[in-house]
Amino acid sequence: MSELIFLPLWVRREWIYLEPIFTSEDISRQLAIESKKYNNMERTWRRIMRNAKENPKKSFRKVYRNLLDEAVVNANDFEWIKQLRYYWIQEELKVRAVNAEFNCGYEYLGNSGRLVITPLTDRCYLTLRGALHLKFIGAPAGPAGTGKTETTKDLAKAFAILCVVFNCSDQLDFMAIGKFFKGLASSGAWACFDEFNRIDIEVLSVVAQQITTIQKAQQARLDR
């Protein structure tokens, strides 16, 4: 809980330090480009904070109410540790959920809208985070239009990681998918393969071996 209190105070302290510097007319003239970037960032920050005040996230209120209803007072209670939590540890931002810990991707993905969180979405998140912790992949299944792709993209945004959505077809071969995997492995991005079942079964057998090789390399913590 101390980390949750510390981070806003740290941001506020840094902001108080920068504001008088870039609001000075002399410095604004000497550092025109930097001042312009600061002003853009300040407007964006104020807009985000204003929107957050006027339209507080329903999901966060629901989580807070659930913690109160369950009388959660211990940091090890499951109702608390199953939530996606952020900690600043040794100059690095860590993302934790249950017994898993992940590195933040630091990928700026824009101030886009968030997915509507339902109990099913929470269970999907919990399962996918467990799979990632064990170096497995996720395969959400269900009827079309139920939010499988958007759920994956929203989880990637929570990790600050780029998620590339790719629509598969029967024209794909194992070499094209292999190149795709190379790019993902080198960049650390995620991929969401829509209509994966459209790929020919002969190609899928090779793709399965490619995925297994990547998983074994991750489990062994290999760099190459």
# chains A, B, ... in the order shown; residues from 1 in each chain; ligands from 1
call {"tool": "residues_around", "arguments": {"residues": "Leu134 of chain A", "least_positions_apart": "6", "cutoff": "10 Å", "atoms": "only C-alpha atoms", "output": "ChimeraX atom specification"}}
result
/A:100,128,215,218-219
call {"tool": "atom_distance", "arguments": {"atom1": "atom CA of Gly130 of chain A", "atom2": "atom CA of Asn99 of chain A"}}
result
8.6 Å
call {"tool": "atom_distance", "arguments": {"atom1": "atom CA of Arg221 of chain A", "atom2": "atom CA of Ala185 of chain A"}}
result
12.5 Å
call {"tool": "residues_around", "arguments": {"residues": "Asn39 of chain A", "least_positions_apart": "2", "cutoff": "12 Å", "atoms": "only C-alpha atoms", "output": "list in words"}}
result
Leu18, Glu19, Ile21, Phe22, Thr23, Ser28, Ala32, Ile33, Glu34, Ser35, Lys36, Lys37, Met41, Glu42, Arg43, Thr44, Trp45 and Arg46 of chain A
call {"tool": "write_last_selection", "arguments": {"atoms": "all heavy atoms", "output": "compact mmCIF listing (two decimals), in the first residue's frame"}}
result
# COMPACT_ATOMS: atom_id res chain seq x y z
N LEU A 18 9.44 20.94 -12.06
CA LEU A 18 9.54 21.32 -13.47
C LEU A 18 8.72 22.55 -13.83
O LEU A 18 9.10 23.33 -14.71
CB LEU A 18 9.09 20.14 -14.35
CG LEU A 18 10.01 18.92 -14.39
CD1 LEU A 18 9.34 17.80 -15.17
CD2 LEU A 18 11.36 19.28 -15.02
N GLU A 19 7.59 22.73 -13.15
CA GLU A 19 6.66 23.78 -13.54
C GLU A 19 7.28 25.17 -13.54
O GLU A 19 7.18 25.90 -14.54
CB GLU A 19 5.42 23.74 -12.65
CG GLU A 19 4.34 24.72 -13.09
CD GLU A 19 3.09 24.60 -12.25
OE1 GLU A 19 3.20 24.09 -11.11
OE2 GLU A 19 2.03 25.03 -12.72
N ILE A 21 10.27 26.02 -13.92
CA ILE A 21 11.35 26.10 -14.92
C ILE A 21 10.78 26.44 -16.29
O ILE A 21 11.23 27.38 -16.96
CB ILE A 21 12.14 24.77 -14.97
CG1 ILE A 21 12.84 24.52 -13.62
CG2 ILE A 21 13.15 24.79 -16.11
CD1 ILE A 21 13.57 23.20 -13.55
N PHE A 22 9.78 25.69 -16.71
CA PHE A 22 9.26 25.86 -18.06
C PHE A 22 8.21 26.95 -18.18
O PHE A 22 7.80 27.29 -19.28
CB PHE A 22 8.69 24.52 -18.56
CG PHE A 22 9.76 23.52 -18.88
CD1 PHE A 22 10.06 22.49 -18.00
CD2 PHE A 22 10.47 23.60 -20.07
CE1 PHE A 22 11.04 21.57 -18.29
CE2 PHE A 22 11.46 22.68 -20.38
CZ PHE A 22 11.75 21.66 -19.48
N THR A 23 7.75 27.49 -17.08
CA THR A 23 6.83 28.63 -17.15
C THR A 23 7.57 29.96 -17.14
O THR A 23 6.95 31.01 -17.29
CB THR A 23 5.84 28.59 -15.97
OG1 THR A 23 6.56 28.50 -14.74
CG2 THR A 23 4.89 27.42 -16.10
N SER A 28 11.71 29.65 -21.56
CA SER A 28 10.84 29.30 -22.69
C SER A 28 11.44 29.76 -24.01
O SER A 28 11.32 29.07 -25.03
CB SER A 28 9.45 29.91 -22.51
OG SER A 28 8.82 29.38 -21.36
N ALA A 32 12.95 26.50 -26.55
CA ALA A 32 11.63 26.60 -27.19
C ALA A 32 11.02 25.22 -27.44
O ALA A 32 9.83 24.99 -27.18
CB ALA A 32 11.75 27.37 -28.50
N ILE A 33 11.84 24.30 -27.94
CA ILE A 33 11.32 22.96 -28.28
C ILE A 33 10.90 22.22 -27.02
O ILE A 33 9.81 21.63 -26.94
CB ILE A 33 12.37 22.16 -29.06
CG1 ILE A 33 12.68 22.85 -30.40
CG2 ILE A 33 11.88 20.72 -29.29
CD1 ILE A 33 13.75 22.17 -31.20
N GLU A 34 11.78 22.26 -25.99
CA GLU A 34 11.46 21.57 -24.74
C GLU A 34 10.24 22.18 -24.05
O GLU A 34 9.41 21.47 -23.49
CB GLU A 34 12.67 21.61 -23.79
CG GLU A 34 13.83 20.74 -24.21
CD GLU A 34 14.66 21.35 -25.31
OE1 GLU A 34 14.37 22.50 -25.72
OE2 GLU A 34 15.61 20.69 -25.78
N SER A 35 10.14 23.52 -24.12
CA SER A 35 8.98 24.18 -23.51
C SER A 35 7.68 23.80 -24.21
O SER A 35 6.64 23.61 -23.58
CB SER A 35 9.16 25.70 -23.55
OG SER A 35 10.28 26.10 -22.78
N LYS A 36 7.75 23.66 -25.54
CA LYS A 36 6.57 23.26 -26.29
C LYS A 36 6.13 21.84 -25.89
O LYS A 36 4.94 21.57 -25.71
CB LYS A 36 6.85 23.32 -27.78
CG LYS A 36 5.64 23.01 -28.64
CD LYS A 36 5.97 23.16 -30.12
CE LYS A 36 4.75 22.84 -30.98
NZ LYS A 36 5.05 22.97 -32.43
N LYS A 37 7.12 20.95 -25.73
CA LYS A 37 6.81 19.59 -25.31
C LYS A 37 6.19 19.58 -23.91
O LYS A 37 5.24 18.84 -23.64
CB LYS A 37 8.08 18.73 -25.32
CG LYS A 37 8.60 18.42 -26.71
CD LYS A 37 9.86 17.56 -26.64
CE LYS A 37 10.37 17.23 -28.03
NZ LYS A 37 11.61 16.40 -27.96
N MET A 41 2.47 18.33 -22.86
CA MET A 41 2.31 17.31 -21.82
C MET A 41 1.41 17.82 -20.70
O MET A 41 0.56 17.07 -20.20
CB MET A 41 3.68 16.92 -21.25
CG MET A 41 3.62 15.88 -20.14
SD MET A 41 5.23 15.60 -19.38
CE MET A 41 5.50 17.18 -18.59
N GLU A 42 1.56 19.09 -20.33
CA GLU A 42 0.75 19.65 -19.25
C GLU A 42 -0.73 19.70 -19.63
O GLU A 42 -1.60 19.35 -18.83
CB GLU A 42 1.24 21.06 -18.89
CG GLU A 42 0.48 21.66 -17.71
CD GLU A 42 0.99 23.04 -17.35
OE1 GLU A 42 1.45 23.75 -18.28
OE2 GLU A 42 0.92 23.42 -16.18
N ARG A 43 -1.02 20.11 -20.87
CA ARG A 43 -2.41 20.14 -21.32
C ARG A 43 -3.01 18.73 -21.32
O ARG A 43 -4.16 18.54 -20.91
CB ARG A 43 -2.49 20.75 -22.71
CG ARG A 43 -2.34 22.27 -22.72
CD ARG A 43 -2.78 22.85 -24.04
NE ARG A 43 -1.95 22.36 -25.15
CZ ARG A 43 -0.86 22.98 -25.58
NH1 ARG A 43 -0.45 24.10 -25.00
NH2 ARG A 43 -0.16 22.49 -26.58
N THR A 44 -2.22 17.77 -21.80
CA THR A 44 -2.71 16.39 -21.83
C THR A 44 -2.96 15.87 -20.42
O THR A 44 -3.99 15.24 -20.14
CB THR A 44 -1.69 15.48 -22.53
OG1 THR A 44 -1.47 15.95 -23.86
CG2 THR A 44 -2.20 14.04 -22.60
N TRP A 45 -2.02 16.16 -19.52
CA TRP A 45 -2.16 15.71 -18.13
C TRP A 45 -3.38 16.32 -17.45
O TRP A 45 -4.14 15.62 -16.78
CB TRP A 45 -0.89 16.05 -17.36
CG TRP A 45 -0.96 15.76 -15.89
CD1 TRP A 45 -1.18 16.65 -14.89
CD2 TRP A 45 -0.82 14.48 -15.26
NE1 TRP A 45 -1.18 16.01 -13.68
CE2 TRP A 45 -0.96 14.68 -13.86
CE3 TRP A 45 -0.58 13.20 -15.74
CZ2 TRP A 45 -0.88 13.64 -12.96
CZ3 TRP A 45 -0.50 12.16 -14.83
CH2 TRP A 45 -0.65 12.39 -13.45
N ARG A 46 -3.57 17.61 -17.67
CA ARG A 46 -4.73 18.27 -17.06
C ARG A 46 -6.04 17.73 -17.62
O ARG A 46 -7.03 17.59 -16.90
CB ARG A 46 -4.64 19.79 -17.27
CG ARG A 46 -3.53 20.45 -16.48
CD ARG A 46 -3.53 21.96 -16.66
NE ARG A 46 -2.44 22.59 -15.94
CZ ARG A 46 -2.47 22.91 -14.66
NH1 ARG A 46 -3.56 22.66 -13.95
NH2 ARG A 46 -1.43 23.49 -14.08
call {"tool": "residues_around", "arguments": {"residues": "Ser186 of chain A", "least_positions_apart": "3", "cutoff": "10 Å", "atoms": "only C-alpha atoms", "output": "short mmCIF file (atom, residue, chain, number, x, y, z; two decimals) with N, CA, C and O atoms, in the first residue's frame"}}
result
data_model
loop_
_atom_site.label_atom_id
_atom_site.label_comp_id
_atom_site.auth_asym_id
_atom_site.auth_seq_id
_atom_site.Cartn_x
_atom_site.Cartn_y
_atom_site.Cartn_z
N PHE A 181 7.00 -14.14 -35.82
CA PHE A 181 7.50 -14.50 -34.50
C PHE A 181 8.86 -13.86 -34.22
O PHE A 181 9.16 -13.48 -33.09
N LYS A 182 9.69 -13.75 -35.24
CA LYS A 182 10.99 -13.11 -35.08
C LYS A 182 10.83 -11.66 -34.64
O LYS A 182 11.53 -11.17 -33.74
N GLY A 183 9.91 -10.96 -35.30
CA GLY A 183 9.67 -9.57 -34.93
C GLY A 183 9.15 -9.42 -33.52
O GLY A 183 9.56 -8.53 -32.78
N ALA A 189 6.85 -7.34 -28.22
CA ALA A 189 5.43 -7.04 -28.38
C ALA A 189 4.59 -8.31 -28.27
O ALA A 189 5.11 -9.43 -28.33
N ASP A 223 18.55 -15.55 -24.11
CA ASP A 223 18.52 -14.28 -24.84
C ASP A 223 18.41 -14.50 -26.34
O ASP A 223 17.95 -13.63 -27.07
N ARG A 224 18.87 -15.63 -26.82
CA ARG A 224 18.85 -15.91 -28.27
C ARG A 224 18.86 -17.40 -28.51
O ARG A 224 19.08 -18.17 -27.60
#
call {"tool": "residues_around", "arguments": {"residues": "Asp194 of chain A", "least_positions_apart": "6", "cutoff": "10 Å", "atoms": "only C-alpha atoms", "output": "list in words"}}
result
Lys148, Thr149, Val165, Phe166, Asn167, Cys168 and Ser169 of chain A
call {"tool": "atom_distance", "arguments": {"atom1": "atom CA of Thr151 of chain A", "atom2": "atom CA of Lys179 of chain A"}}
result
25.2 Å
call {"tool": "select_by_dssp", "arguments": {"residues": "segment 16-153 of chain A", "states": "strand (DSSP E)", "output": "number ranges by chain"}}
result
A: 85-89, 92-97, 100-103
call {"tool": "closest_residue", "arguments": {"among": "A:Trp88, A:Asp170, A:Glu79, A:Ile161", "to": "Trp10 of chain A", "atoms": "only C-alpha atoms"}}
result
A:Trp88
call {"tool": "residues_around", "arguments": {"residues": "Phe102 of chain A", "least_positions_apart": "5", "cutoff": "10 Å", "atoms": "only C-alpha atoms", "output": "VMD selection string"}}
result
chain A and resid 86 93 to 97 129 132 to 133 159
call {"tool": "select_by_dssp", "arguments": {"residues": "segment 15-220 of chain A", "states": "alpha helix (DSSP H)", "output": "JSON, numbers by chain"}}
result
{"A": [15, 16, 17, 18, 19, 20, 21, 22, 25, 26, 27, 28, 29, 30, 32, 33, 34, 35, 36, 37, 38, 39, 40, 41, 42, 43, 44, 45, 46, 47, 48, 49, 50, 51, 52, 53, 54, 58, 59, 60, 61, 62, 63, 64, 65, 66, 67, 68, 69, 78, 79, 80, 81, 119, 120, 121, 122, 123, 124, 125, 126, 127, 128, 129, 130, 131, 132, 133, 148, 149, 150, 151, 152, 153, 154, 155, 156, 157, 158, 174, 175, 176, 177, 178, 179, 180, 181, 182, 183, 184, 185, 186, 187, 201, 202, 203, 204, 205, 206, 207, 208, 209, 210, 211, 212, 213, 214, 215, 216, 217, 218, 219]}
call {"tool": "closest_residue", "arguments": {"among": "A:Asn76, A:Cys192, A:Ile117, A:Glu101", "to": "Val63 of chain A", "atoms": "only C-alpha atoms"}}
result
A:Ile117
call {"tool": "residues_around", "arguments": {"residues": "segment 203-209 of chain A", "least_positions_apart": "4", "cutoff": "8 Å", "atoms": "only C-alpha atoms", "output": "list in words"}}
result
Leu172, Asp173, Phe174, Ile177, Gly178, Ile199 and Thr213 of chain A
call {"tool": "closest_residue", "arguments": {"among": "A:Lys216, A:Arg198, A:Arg50, A:Arg114", "to": "Lys157 of chain A", "atoms": "only C-alpha atoms"}}
result
A:Arg114
